[in-house]
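See below for structure05.txt, which holds compact mmCIF, C-alpha atoms and all ligand atoms.
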# COMPACT_ATOMS: atom_id res chain seq x y z
CA MET H 17 -25.93 0.94 -11.46
CA LYS H 18 -24.21 -0.79 -14.36
CA GLU H 19 -24.58 -4.58 -14.34
CA MET H 20 -22.27 -5.83 -17.12
CA TYR H 21 -18.53 -5.35 -17.71
CA ASP H 22 -15.79 -6.98 -19.78
CA LEU H 23 -13.80 -7.62 -16.62
CA ILE H 24 -14.46 -7.57 -12.87
CA VAL H 25 -11.38 -7.47 -10.62
CA VAL H 26 -11.98 -8.57 -7.02
CA GLY H 27 -9.52 -6.88 -4.63
CA GLY H 28 -7.83 -3.47 -4.69
CA GLY H 29 -4.31 -4.53 -3.56
CA PRO H 30 -1.27 -4.23 -5.87
CA GLY H 31 -2.26 -7.28 -7.96
CA GLY H 32 -5.84 -6.15 -8.57
CA ALA H 33 -4.97 -2.50 -9.14
CA ILE H 34 -2.32 -3.29 -11.76
CA ALA H 35 -4.63 -5.82 -13.48
CA ALA H 36 -7.47 -3.27 -13.63
CA LYS H 37 -5.23 -0.44 -14.79
CA ASN H 38 -3.61 -2.43 -17.60
CA ALA H 39 -6.95 -3.89 -18.73
CA ALA H 40 -8.52 -0.40 -18.86
CA GLU H 41 -5.52 0.88 -20.82
CA LEU H 42 -6.07 -1.97 -23.28
CA GLY H 43 -9.58 -0.66 -23.88
CA LEU H 44 -11.61 -3.03 -21.67
CA ASP H 45 -14.64 -1.99 -19.67
CA VAL H 46 -13.39 -2.76 -16.15
CA LEU H 47 -14.86 -2.78 -12.64
CA LEU H 48 -12.56 -3.07 -9.59
CA ILE H 49 -14.24 -3.87 -6.28
CA GLU H 50 -12.64 -3.61 -2.84
CA LYS H 51 -14.31 -4.77 0.37
CA ARG H 52 -12.62 -2.18 2.58
CA GLN H 53 -13.80 1.38 2.81
CA GLU H 54 -10.28 2.70 2.34
CA ILE H 55 -7.82 1.27 -0.14
CA GLY H 56 -4.64 -0.03 1.53
CA ASP H 57 -5.81 0.28 5.12
CA PRO H 58 -5.17 -1.59 7.39
CA VAL H 59 -1.71 -2.44 6.10
CA ARG H 60 -0.47 -5.99 6.44
CA CYS H 61 3.04 -5.66 5.08
CA ALA H 62 6.66 -4.81 5.96
CA GLU H 63 6.58 -2.58 2.87
CA GLY H 64 9.97 -3.50 1.35
CA VAL H 65 10.29 -3.68 -2.46
CA SER H 66 12.99 -3.69 -5.11
CA LYS H 67 13.35 -0.35 -6.89
CA ILE H 68 13.91 -1.57 -10.42
CA SER H 69 10.93 -3.91 -10.61
CA LEU H 70 8.63 -1.35 -9.03
CA SER H 71 9.32 1.35 -11.59
CA ASP H 72 8.06 -1.01 -14.34
CA HIS H 73 4.57 -0.41 -12.92
CA ILE H 74 4.49 3.04 -11.34
CA GLU H 75 6.59 6.18 -11.38
CA PRO H 76 8.36 6.50 -7.97
CA ASP H 77 6.80 9.23 -5.86
CA PRO H 78 8.23 10.65 -2.59
CA ARG H 79 4.69 10.66 -1.11
CA TRP H 80 4.81 6.86 -0.74
CA ILE H 81 8.55 6.25 -0.30
CA CYS H 82 9.52 6.21 3.39
CA ALA H 83 13.08 5.05 2.95
CA ASP H 84 15.38 4.89 -0.06
CA LEU H 85 17.84 2.21 1.04
CA THR H 86 21.52 1.94 0.30
CA GLY H 87 22.03 -1.57 1.61
CA SER H 88 21.00 -4.50 3.75
CA ARG H 89 22.61 -6.59 6.46
CA ILE H 90 22.01 -10.12 7.63
CA TYR H 91 22.89 -11.27 11.13
CA SER H 92 23.49 -14.97 11.80
CA PRO H 93 22.65 -16.37 15.28
CA ASP H 94 26.18 -15.72 16.64
CA GLY H 95 26.04 -12.11 15.41
CA THR H 96 28.20 -12.56 12.28
CA MET H 97 27.07 -9.78 9.97
CA ILE H 98 27.01 -9.82 6.20
CA GLU H 99 26.62 -6.41 4.65
CA MET H 100 25.67 -5.57 1.11
CA SER H 101 26.06 -1.96 0.17
CA GLU H 102 24.89 -0.06 -2.89
CA GLU H 103 28.27 -0.34 -4.61
CA MET H 104 28.01 -4.13 -4.51
CA SER H 105 24.44 -4.18 -5.63
CA GLY H 106 24.75 -3.43 -9.32
CA GLY H 107 21.96 -0.87 -8.86
CA GLU H 108 19.22 -3.10 -7.51
CA VAL H 109 18.36 -1.52 -4.17
CA GLY H 110 15.10 -1.18 -2.36
CA TYR H 111 12.49 1.16 -1.02
CA VAL H 112 10.43 0.94 2.14
CA LEU H 113 6.97 2.10 1.14
CA GLU H 114 4.07 3.77 2.89
CA ARG H 115 1.56 1.23 1.61
CA LYS H 116 -1.53 3.12 2.68
CA ILE H 117 -0.53 5.82 0.20
CA PHE H 118 1.08 3.49 -2.32
CA ASP H 119 -1.97 1.20 -2.70
CA ARG H 120 -4.19 4.25 -3.10
CA ALA H 121 -1.83 5.66 -5.77
CA LEU H 122 -2.12 2.38 -7.70
CA VAL H 123 -5.90 2.48 -7.58
CA ASP H 124 -5.83 6.16 -8.50
CA GLN H 125 -3.85 5.17 -11.62
CA CYS H 126 -6.41 2.52 -12.52
CA ALA H 127 -9.35 4.91 -12.04
CA LYS H 128 -7.58 7.48 -14.23
CA ALA H 129 -7.05 4.77 -16.88
CA GLY H 130 -10.86 4.45 -17.03
CA ALA H 131 -11.68 1.56 -14.65
CA GLU H 132 -14.70 1.98 -12.37
CA VAL H 133 -13.83 1.51 -8.68
CA ARG H 134 -16.35 0.51 -6.01
CA VAL H 135 -15.11 0.47 -2.41
CA LYS H 136 -16.91 -1.10 0.55
CA THR H 137 -18.09 -3.69 -1.96
CA ARG H 138 -17.43 -7.32 -1.14
CA ALA H 139 -17.63 -10.28 -3.54
CA THR H 140 -19.78 -12.90 -1.80
CA GLY H 141 -19.85 -15.52 -4.55
CA LEU H 142 -19.39 -16.21 -8.25
CA ILE H 143 -22.11 -16.39 -10.87
CA MET H 144 -21.45 -19.69 -12.65
CA GLU H 145 -23.26 -21.01 -15.69
CA LYS H 146 -22.45 -24.56 -16.89
CA GLY H 147 -19.21 -24.41 -14.89
CA VAL H 148 -18.14 -21.07 -16.43
CA VAL H 149 -17.59 -17.99 -14.24
CA CYS H 150 -19.59 -15.09 -15.66
CA GLY H 151 -19.75 -12.55 -12.88
CA ILE H 152 -19.99 -12.09 -9.13
CA TYR H 153 -22.46 -11.61 -6.32
CA ALA H 154 -21.52 -8.41 -4.52
CA MET H 155 -22.55 -6.88 -1.21
CA HIS H 156 -22.56 -3.12 -0.64
CA LEU H 157 -24.04 -1.48 2.47
CA GLY H 158 -26.08 -4.56 3.31
CA GLU H 159 -27.50 -5.02 -0.17
CA GLU H 160 -26.58 -8.02 -2.32
CA TYR H 161 -26.70 -7.79 -6.10
CA LYS H 162 -25.34 -9.47 -9.24
CA ILE H 163 -22.74 -8.00 -11.58
CA ARG H 164 -21.93 -9.89 -14.76
CA SER H 165 -18.68 -9.91 -16.74
CA LYS H 166 -16.94 -11.87 -19.46
CA ILE H 167 -13.98 -12.60 -17.17
CA VAL H 168 -13.31 -12.26 -13.40
CA ILE H 169 -9.83 -11.71 -11.95
CA GLY H 170 -9.55 -12.87 -8.33
CA ALA H 171 -6.94 -10.66 -6.60
CA ASP H 172 -8.43 -11.08 -3.15
CA GLY H 173 -5.21 -11.74 -1.28
CA MET H 174 -4.01 -14.31 1.22
CA GLU H 175 -7.51 -15.22 2.50
CA SER H 176 -8.82 -15.55 -1.06
CA LYS H 177 -12.19 -17.18 -1.53
CA VAL H 178 -12.66 -16.49 -5.23
CA GLY H 179 -10.45 -19.42 -6.32
CA ARG H 180 -12.18 -21.80 -3.94
CA TRP H 181 -15.63 -20.74 -5.18
CA ALA H 182 -14.52 -21.79 -8.69
CA GLY H 183 -13.20 -25.14 -7.46
CA ILE H 184 -9.48 -24.24 -7.52
CA ASP H 185 -7.49 -25.69 -4.62
CA THR H 186 -5.74 -22.78 -2.88
CA SER H 187 -5.61 -24.40 0.57
CA LEU H 188 -2.59 -23.88 2.83
CA LYS H 189 -1.21 -26.22 5.51
CA PRO H 190 0.69 -24.74 8.50
CA SER H 191 3.96 -25.68 6.75
CA ASP H 192 2.85 -23.61 3.70
CA MET H 193 2.54 -20.37 5.66
CA GLU H 194 4.70 -17.94 7.59
CA THR H 195 2.86 -16.46 10.54
CA CYS H 196 3.90 -12.84 10.93
CA VAL H 197 3.65 -10.16 13.60
CA GLN H 198 5.01 -6.69 13.08
CA TYR H 199 5.14 -3.50 15.10
CA LEU H 200 5.72 0.03 13.86
CA VAL H 201 8.21 1.20 16.49
CA THR H 202 9.11 4.85 16.97
CA ASP H 203 11.64 6.81 18.99
CA ILE H 204 14.44 4.35 18.26
CA ASP H 205 17.98 4.70 17.06
CA ILE H 206 18.22 2.97 13.67
CA ASP H 207 20.21 3.32 10.48
CA PRO H 208 17.65 4.82 8.06
CA ASN H 209 19.58 3.54 5.04
CA PHE H 210 19.76 -0.17 5.80
CA CYS H 211 17.34 -3.06 6.13
CA ASP H 212 18.41 -5.58 8.76
CA PHE H 213 17.54 -9.28 8.79
CA TYR H 214 18.13 -11.59 11.76
CA LEU H 215 18.28 -15.37 11.38
CA GLY H 216 18.28 -18.21 13.92
CA ASN H 217 16.06 -20.71 15.62
CA GLU H 218 15.91 -18.66 18.83
CA ILE H 219 14.98 -15.53 16.85
CA ALA H 220 12.67 -16.78 14.11
CA PRO H 221 12.42 -20.57 13.59
CA ALA H 222 12.41 -21.33 9.85
CA GLY H 223 11.88 -17.66 9.09
CA TYR H 224 13.51 -14.34 9.82
CA LEU H 225 13.13 -11.15 11.79
CA TRP H 226 13.31 -7.82 10.01
CA VAL H 227 13.97 -4.17 10.84
CA PHE H 228 12.89 -1.98 7.91
CA PRO H 229 13.46 1.76 8.49
CA LYS H 230 10.59 4.16 7.96
CA GLY H 231 12.44 7.43 8.33
CA GLU H 232 14.97 8.64 10.84
CA ASN H 233 13.80 7.05 14.09
CA MET H 234 11.00 4.71 13.14
CA ALA H 235 10.94 1.16 11.73
CA ASN H 236 8.73 -1.78 10.85
CA ILE H 237 10.06 -4.51 13.14
CA GLY H 238 8.51 -7.88 12.52
CA VAL H 239 8.99 -11.60 12.52
CA GLY H 240 7.73 -14.44 10.34
CA ILE H 241 7.94 -18.04 11.52
CA LEU H 242 6.87 -21.16 9.70
CA GLY H 243 3.46 -22.33 10.95
CA SER H 244 4.66 -25.93 11.39
CA LYS H 245 7.71 -24.87 13.48
CA SER H 246 6.07 -22.54 15.93
CA GLY H 247 5.80 -25.08 18.84
CA ASP H 248 4.93 -23.54 22.23
CA LYS H 249 6.04 -20.05 21.26
CA ARG H 250 4.03 -17.76 19.00
CA ALA H 251 5.41 -15.21 16.54
CA ILE H 252 4.47 -12.45 19.00
CA ASP H 253 6.66 -14.02 21.72
CA TYR H 254 9.69 -13.83 19.42
CA ILE H 255 9.10 -10.21 18.42
CA ASN H 256 8.41 -9.10 22.00
CA LYS H 257 11.65 -10.68 23.16
CA PHE H 258 13.61 -8.95 20.39
CA ILE H 259 12.08 -5.54 21.13
CA GLU H 260 12.74 -6.01 24.85
CA ASP H 261 16.40 -6.95 24.22
CA VAL H 262 17.30 -4.55 21.38
CA TYR H 263 14.88 -1.59 21.54
CA PRO H 264 13.66 -1.55 25.16
CA ASP H 265 12.79 2.16 24.95
CA GLY H 266 11.00 1.95 21.61
CA ARG H 267 7.32 2.92 21.46
CA ILE H 268 4.92 0.75 19.53
CA ILE H 269 2.39 2.78 17.58
CA GLU H 270 0.94 0.17 15.18
CA MET H 271 0.61 -3.60 15.10
CA VAL H 272 0.10 -5.98 12.21
CA TYR H 273 -0.80 -9.67 12.21
CA GLY H 274 -0.84 -11.66 9.01
CA GLY H 275 0.04 -14.79 7.12
CA VAL H 276 2.24 -15.12 4.07
CA PRO H 277 1.91 -18.10 1.71
CA VAL H 278 5.33 -19.71 1.15
CA ARG H 279 4.17 -22.96 -0.45
CA GLY H 280 5.26 -22.15 -4.00
CA PRO H 281 3.06 -22.35 -7.07
CA ILE H 282 -0.36 -24.00 -6.86
CA GLU H 283 -1.43 -26.44 -9.54
CA LYS H 284 -3.75 -24.15 -11.43
CA THR H 285 -4.57 -20.47 -11.37
CA VAL H 286 -7.25 -20.28 -14.06
CA SER H 287 -10.62 -21.82 -14.73
CA ASP H 288 -13.27 -21.05 -17.34
CA GLY H 289 -13.90 -17.29 -17.02
CA LEU H 290 -11.52 -16.81 -14.08
CA ILE H 291 -7.87 -15.85 -13.41
CA LEU H 292 -6.21 -15.64 -9.98
CA VAL H 293 -3.35 -13.21 -9.28
CA GLY H 294 -1.00 -12.32 -6.43
CA ASP H 295 -1.47 -13.80 -2.97
CA ALA H 296 -4.77 -15.31 -4.13
CA ALA H 297 -2.70 -17.41 -6.57
CA ARG H 298 -0.01 -18.04 -3.88
CA GLN H 299 2.58 -16.16 -5.95
CA SER H 300 4.60 -14.72 -3.06
CA ASP H 301 8.26 -15.66 -2.74
CA PRO H 302 8.77 -18.76 -0.54
CA ILE H 303 12.01 -17.41 1.00
CA THR H 304 11.30 -13.77 1.63
CA GLY H 305 7.49 -13.86 1.71
CA GLY H 306 7.60 -10.79 -0.55
CA GLY H 307 4.59 -10.66 -2.83
CA ILE H 308 4.04 -7.04 -3.92
CA ILE H 309 6.10 -7.17 -7.11
CA ASN H 310 4.96 -10.67 -8.09
CA ALA H 311 1.32 -9.63 -7.63
CA MET H 312 1.89 -6.61 -9.89
CA GLU H 313 3.70 -8.64 -12.55
CA ALA H 314 0.95 -11.27 -12.51
CA GLY H 315 -1.73 -8.56 -12.64
CA LYS H 316 -0.18 -7.12 -15.80
CA ILE H 317 0.03 -10.55 -17.48
CA ALA H 318 -3.56 -11.33 -16.46
CA ALA H 319 -4.78 -8.05 -18.02
CA GLU H 320 -3.02 -8.78 -21.31
CA VAL H 321 -4.37 -12.33 -21.51
CA THR H 322 -7.88 -11.07 -20.63
CA ALA H 323 -7.76 -8.45 -23.39
CA ASP H 324 -6.68 -11.09 -25.88
CA ALA H 325 -9.40 -13.53 -24.75
CA ILE H 326 -12.06 -10.83 -25.11
CA LYS H 327 -10.81 -9.94 -28.58
CA ARG H 328 -11.14 -13.60 -29.57
CA GLY H 329 -14.48 -14.04 -27.78
CA ASP H 330 -13.16 -17.12 -25.98
CA TYR H 331 -13.18 -16.92 -22.15
CA THR H 332 -12.49 -20.59 -21.49
CA THR H 333 -9.31 -22.12 -20.13
CA ASN H 334 -8.26 -22.73 -23.78
CA THR H 335 -7.33 -19.05 -24.01
CA LEU H 336 -6.81 -18.21 -20.34
CA ASN H 337 -4.17 -20.94 -20.01
CA GLU H 338 -1.84 -18.50 -21.73
CA TYR H 339 -1.74 -16.74 -18.36
CA GLU H 340 -0.48 -19.96 -16.72
CA THR H 341 2.23 -20.30 -19.34
CA LEU H 342 3.38 -16.69 -19.09
CA TRP H 343 3.53 -16.26 -15.33
CA ARG H 344 5.04 -19.70 -14.74
CA SER H 345 7.84 -19.01 -17.23
CA THR H 346 8.70 -15.65 -15.61
CA ILE H 347 7.92 -15.03 -11.92
CA GLY H 348 7.01 -18.71 -11.54
CA LYS H 349 10.60 -19.78 -12.27
CA GLU H 350 11.89 -17.54 -9.46
CA ILE H 351 9.24 -18.90 -7.11
CA GLU H 352 10.25 -22.48 -7.95
CA TYR H 353 13.94 -21.72 -7.24
CA SER H 354 13.09 -20.03 -3.99
CA LEU H 355 10.98 -22.97 -2.91
CA VAL H 356 13.89 -25.39 -3.30
CA VAL H 357 16.20 -23.06 -1.37
CA LYS H 358 13.58 -22.49 1.33
CA GLU H 359 13.09 -26.21 1.84
CA THR H 360 16.81 -26.56 2.55
CA PHE H 361 16.94 -23.39 4.65
CA VAL H 362 14.19 -24.52 7.05
CA LYS H 363 16.29 -27.56 8.05
CA PHE H 364 19.30 -25.46 9.12
CA THR H 365 20.53 -25.47 12.69
CA ASP H 366 21.99 -22.28 14.20
CA LYS H 367 25.43 -23.87 13.77
CA ASP H 368 24.82 -24.26 10.01
CA LEU H 369 23.70 -20.63 9.75
CA ASN H 370 26.79 -19.39 11.61
CA HIS H 371 29.07 -21.51 9.48
CA LEU H 372 27.47 -20.24 6.28
CA ALA H 373 27.66 -16.60 7.35
CA GLN H 374 31.35 -16.99 8.23
CA SER H 375 32.06 -18.59 4.85
CA LEU H 376 30.87 -15.50 2.99
CA SER H 377 33.76 -13.14 3.66
CA ASN H 378 35.03 -13.28 0.05
CA VAL H 379 31.75 -13.43 -1.82
CA ASN H 380 30.96 -10.78 -4.43
CA PHE H 381 27.33 -9.76 -4.19
CA TYR H 382 25.47 -8.55 -7.23
CA SER H 383 22.17 -7.74 -5.65
CA LEU H 384 20.80 -6.58 -2.34
CA SER H 385 17.83 -8.87 -2.15
CA LEU H 386 17.66 -11.30 0.74
CA LYS H 387 17.06 -14.06 -1.77
CA ASP H 388 20.27 -13.36 -3.67
CA LEU H 389 22.13 -13.20 -0.41
CA LEU H 390 20.79 -16.59 0.55
CA TYR H 391 21.79 -17.97 -2.83
CA ALA H 392 25.29 -16.65 -2.17
CA LEU H 393 25.26 -18.39 1.21
CA PHE H 394 24.51 -21.67 -0.48
CA LYS H 395 27.05 -21.14 -3.21
CA ALA H 396 29.76 -20.54 -0.62
CA ASN H 397 29.14 -23.93 0.91
CA LYS H 398 30.18 -26.95 -1.14
CA LYS H 399 27.75 -29.42 0.40
CA LEU H 400 24.80 -27.10 0.00
CA LEU H 401 25.80 -26.30 -3.52
CA TRP H 402 25.74 -30.03 -4.25
CA ASP H 403 22.30 -30.42 -2.64
CA LEU H 404 20.98 -27.54 -4.72
CA ARG H 405 22.99 -28.16 -7.88
CA GLY H 406 19.91 -27.93 -10.11
CA LEU H 407 19.48 -24.27 -9.29
CA PHE H 408 22.81 -22.74 -10.27
P1 LIG W 1 -3.55 -7.88 -1.08
O1 LIG W 1 -2.55 -6.79 -1.08
O2 LIG W 1 -3.74 -8.71 0.08
O3 LIG W 1 -4.90 -7.31 -1.64
C1 LIG W 1 -6.08 -8.07 -1.65
C2 LIG W 1 -7.24 -7.11 -1.55
O4 LIG W 1 -8.45 -7.82 -1.77
C3 LIG W 1 -7.36 -6.49 -0.16
O5 LIG W 1 -7.42 -5.08 -0.28
C4 LIG W 1 -8.66 -7.07 0.39
O6 LIG W 1 -9.36 -6.17 1.24
C5 LIG W 1 -9.44 -7.33 -0.89
N1 LIG W 1 -10.46 -8.37 -0.77
C6 LIG W 1 -10.34 -9.58 -0.16
N2 LIG W 1 -11.49 -10.28 -0.28
C7 LIG W 1 -12.35 -9.50 -0.99
C8 LIG W 1 -13.70 -9.68 -1.42
N3 LIG W 1 -14.37 -10.81 -1.16
N4 LIG W 1 -14.28 -8.68 -2.11
C9 LIG W 1 -13.61 -7.51 -2.39
N5 LIG W 1 -12.34 -7.30 -1.98
C10 LIG W 1 -11.70 -8.28 -1.30
N6 LIG W 1 5.51 -8.28 0.44
C11 LIG W 1 6.56 -7.57 -0.06
O7 LIG W 1 6.73 -7.54 -1.29
N7 LIG W 1 7.42 -6.93 0.78
C12 LIG W 1 7.30 -6.96 2.13
O8 LIG W 1 8.09 -6.34 2.84
C13 LIG W 1 6.22 -7.71 2.67
N8 LIG W 1 6.03 -7.79 4.01
C14 LIG W 1 4.94 -8.45 4.52
C15 LIG W 1 4.77 -8.48 5.91
C16 LIG W 1 3.65 -9.08 6.47
C17 LIG W 1 3.46 -9.07 7.95
C18 LIG W 1 2.68 -9.69 5.60
C19 LIG W 1 1.46 -10.34 6.18
C20 LIG W 1 2.87 -9.69 4.23
C21 LIG W 1 4.00 -9.08 3.67
N9 LIG W 1 4.22 -9.02 2.29
C22 LIG W 1 5.30 -8.35 1.78
C23 LIG W 1 3.30 -9.67 1.36
C24 LIG W 1 2.45 -8.64 0.62
O9 LIG W 1 1.77 -7.83 1.55
C25 LIG W 1 1.47 -9.35 -0.31
O10 LIG W 1 2.16 -10.34 -1.05
C26 LIG W 1 0.83 -8.38 -1.30
O11 LIG W 1 0.06 -7.41 -0.63
C27 LIG W 1 -0.06 -9.18 -2.27
O12 LIG W 1 -0.82 -8.31 -3.07
P2 LIG W 1 -2.26 -8.78 -3.58
O13 LIG W 1 -2.76 -7.68 -4.43
O14 LIG W 1 -2.16 -10.14 -4.15
O15 LIG W 1 -3.13 -8.95 -2.27

Would you mind writing the structure in this file as structure tokens?
Amino acid sequence: MKEMYDLIVVGGGPGGAIAAKNAAELGLDVLLIEKRQEIGDPVRCAEGVSKISLSDHIEPDPRWICADLTGSRIYSPDGTMIEMSEEMSGGEVGYVLERKIFDRALVDQCAKAGAEVRVKTRATGLIMEKGVVCGIYAMHLGEEYKIRSKIVIGADGMESKVGRWAGIDTSLKPSDMETCVQYLVTDIDIDPNFCDFYLGNEIAPAGYLWVFPKGENMANIGVGILGSKSGDKRAIDYINKFIEDVYPDGRIIEMVYGGVPVRGPIEKTVSDGLILVGDAARQSDPITGGGIINAMEAGKIAAEVTADAIKRGDYTTNTLNEYETLWRSTIGKEIEYSLVVKETFVKFTDKDLNHLAQSLSNVNFYSLSLKDLLYALFKANKKLLWDLRGLF
């Protein structure tokens, strides 16, 4: 088995797959390793993405699109509904994916671009020489071995260890994380064209509850609550109550538990010989918890910076810091904005949420994303606008 590559990517999620694909297309000798035996399974995601951003990375394919949405609705605690339809959206609408197939399609792309893929292969540590990362220790079918590379990309998700092994602080406090539980519920009456979001402290303290359609009579129904606000009740208590009240006859056929980092950018995402992308770099959106697109964007930037570093023969932070600059000035800006909004949002009472929802009757929406809707909520409220004046 080959023991030396230009680049090793740890993790076959969207961030790792896009990094490996772009690096292979740029002519690098790439290895992607994934600890699971099947790419994308088990899924830990509500599977919602924006259409426009997605098509920058992969051609849409009906095999992994479960729902092609025409709008979304937000319900405040008193039931006030804000609807954003396709006409108001300026074209930016979303898909609900089938991630098991989607993640595999991404890795298929990267294999076809020339990257080697090894599944059921877990990174167990980093090879470090004089503080520089120059490969990994990997475990496959009980056997541990070394694989060397000029650069390693850590795309190992929420529970990332790669960053920590290199001395990068990726730790999360309970207030930095949404705890999520989701069911795939079938045999229910839903609108297959709309995503629904429910807000309120009785429904999802400092978070939200979602119903994302997956076809005619099936939906991902989940809840995310801020770790520090959970109190006596767990995320599962909130979702069970909602299902009992709203879809008492629904049948649960899958269940997902997971955490989403909502802490905003960490201090550093590179070290000598190493780049972190996606959830491993805590690049998910602090308001929505969405991280698929950001992971893909970061993966592409990481591949370009890696190719450049290899061309120059310099794998130190001197060159890799370009990655920091590029992602922080693009997706990082959005993450920073969202963090400020999120920090205000988590302090809202149900009364505030109702008031804000009612104040939106005359607002013109330009996008269907939850984030843009929340921005609109803030803009419609003078005091909030003042609190958040730096953002607009
Ligand atoms: P992952 O997709 O987590 O991929 C990391 C990969 O690394 C995994 O395949 C893992 O097996 C592998 N790995 C880990 N350790 C090792 C190791 N040591 N060696 C080898 N391989 C390893 N985002 C959205 O955009 N939209 C949503 O609707 C949405 N809903 C969500 C709902 C829930 C309940 C949760 C928990 C998350 C949700 N997210 C959503 C977030 C989204 O799933 C992540 O942001 C996204 O998957 C991040 O991609 P990634 O490539 O960084 O990491």

Here is a test: counting all atoms listed in the file, which residue of H:Val123, H:Ala139, H:Met20, H:Met193 is nearest to ligand LIG 1 (chain W)?
H:Ala139

Which residues sit within 6 Å of ligand LIG 1 (chain W), counting all atoms listed in the file, listed as a PDB file with C-alpha atoms, in the frame of the given file?
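Below is the file that was written, selection.pdb:
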ATOM      1  CA  VAL H  26     -11.980  -8.570  -7.020  1.00  0.00           C
ATOM      2  CA  GLY H  27      -9.520  -6.880  -4.630  1.00  0.00           C
ATOM      3  CA  GLY H  28      -7.830  -3.470  -4.690  1.00  0.00           C
ATOM      4  CA  GLY H  29      -4.310  -4.530  -3.560  1.00  0.00           C
ATOM      5  CA  PRO H  30      -1.270  -4.230  -5.870  1.00  0.00           C
ATOM      6  CA  GLY H  31      -2.260  -7.280  -7.960  1.00  0.00           C
ATOM      7  CA  GLY H  32      -5.840  -6.150  -8.570  1.00  0.00           C
ATOM      8  CA  ILE H  49     -14.240  -3.870  -6.280  1.00  0.00           C
ATOM      9  CA  GLU H  50     -12.640  -3.610  -2.840  1.00  0.00           C
ATOM     10  CA  LYS H  51     -14.310  -4.770   0.370  1.00  0.00           C
ATOM     11  CA  ARG H  52     -12.620  -2.180   2.580  1.00  0.00           C
ATOM     12  CA  ARG H  60      -0.470  -5.990   6.440  1.00  0.00           C
ATOM     13  CA  CYS H  61       3.040  -5.660   5.080  1.00  0.00           C
ATOM     14  CA  ALA H  62       6.660  -4.810   5.960  1.00  0.00           C
ATOM     15  CA  GLU H  63       6.580  -2.580   2.870  1.00  0.00           C
ATOM     16  CA  GLY H  64       9.970  -3.500   1.350  1.00  0.00           C
ATOM     17  CA  VAL H  65      10.290  -3.680  -2.460  1.00  0.00           C
ATOM     18  CA  THR H 137     -18.090  -3.690  -1.960  1.00  0.00           C
ATOM     19  CA  ARG H 138     -17.430  -7.320  -1.140  1.00  0.00           C
ATOM     20  CA  ALA H 139     -17.630 -10.280  -3.540  1.00  0.00           C
ATOM     21  CA  THR H 140     -19.780 -12.900  -1.800  1.00  0.00           C
ATOM     22  CA  ALA H 171      -6.940 -10.660  -6.600  1.00  0.00           C
ATOM     23  CA  ASP H 172      -8.430 -11.080  -3.150  1.00  0.00           C
ATOM     24  CA  GLY H 173      -5.210 -11.740  -1.280  1.00  0.00           C
ATOM     25  CA  MET H 174      -4.010 -14.310   1.220  1.00  0.00           C
ATOM     26  CA  SER H 176      -8.820 -15.550  -1.060  1.00  0.00           C
ATOM     27  CA  CYS H 196       3.900 -12.840  10.930  1.00  0.00           C
ATOM     28  CA  VAL H 197       3.650 -10.160  13.600  1.00  0.00           C
ATOM     29  CA  GLN H 198       5.010  -6.690  13.080  1.00  0.00           C
ATOM     30  CA  GLY H 274      -0.840 -11.660   9.010  1.00  0.00           C
ATOM     31  CA  GLY H 275       0.040 -14.790   7.120  1.00  0.00           C
ATOM     32  CA  VAL H 276       2.240 -15.120   4.070  1.00  0.00           C
ATOM     33  CA  GLY H 294      -1.000 -12.320  -6.430  1.00  0.00           C
ATOM     34  CA  ASP H 295      -1.470 -13.800  -2.970  1.00  0.00           C
ATOM     35  CA  ALA H 296      -4.770 -15.310  -4.130  1.00  0.00           C
ATOM     36  CA  SER H 300       4.600 -14.720  -3.060  1.00  0.00           C
ATOM     37  CA  GLY H 305       7.490 -13.860   1.710  1.00  0.00           C
ATOM     38  CA  GLY H 306       7.600 -10.790  -0.550  1.00  0.00           C
ATOM     39  CA  GLY H 307       4.590 -10.660  -2.830  1.00  0.00           C
ATOM     40  CA  ILE H 308       4.040  -7.040  -3.920  1.00  0.00           C
ATOM     41  CA  ILE H 309       6.100  -7.170  -7.110  1.00  0.00           C
ATOM     42  CA  ALA H 311       1.320  -9.630  -7.630  1.00  0.00           C
TER      43      ALA H 311
END

Write out as a PyMOL selection string each polymer residue whose atoms come within 10 Å of Lys18 in chain H, counting all atoms listed in the file; drop sequence neighbours fewer than 3 positions from it.
chain H and resi 21+47+163-164

Record the distance separating CA of Ile68 in chain H and CA of Glu283 in chain H, expressed in Å with one decimal.
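These atoms are spaced 29.2 Å apart.
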
Just give me the gap between CA of Gly183 in chain H and CA of Ser287 in chain H in Å, one decimal is fine.
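These atoms are spaced 8.4 Å apart.
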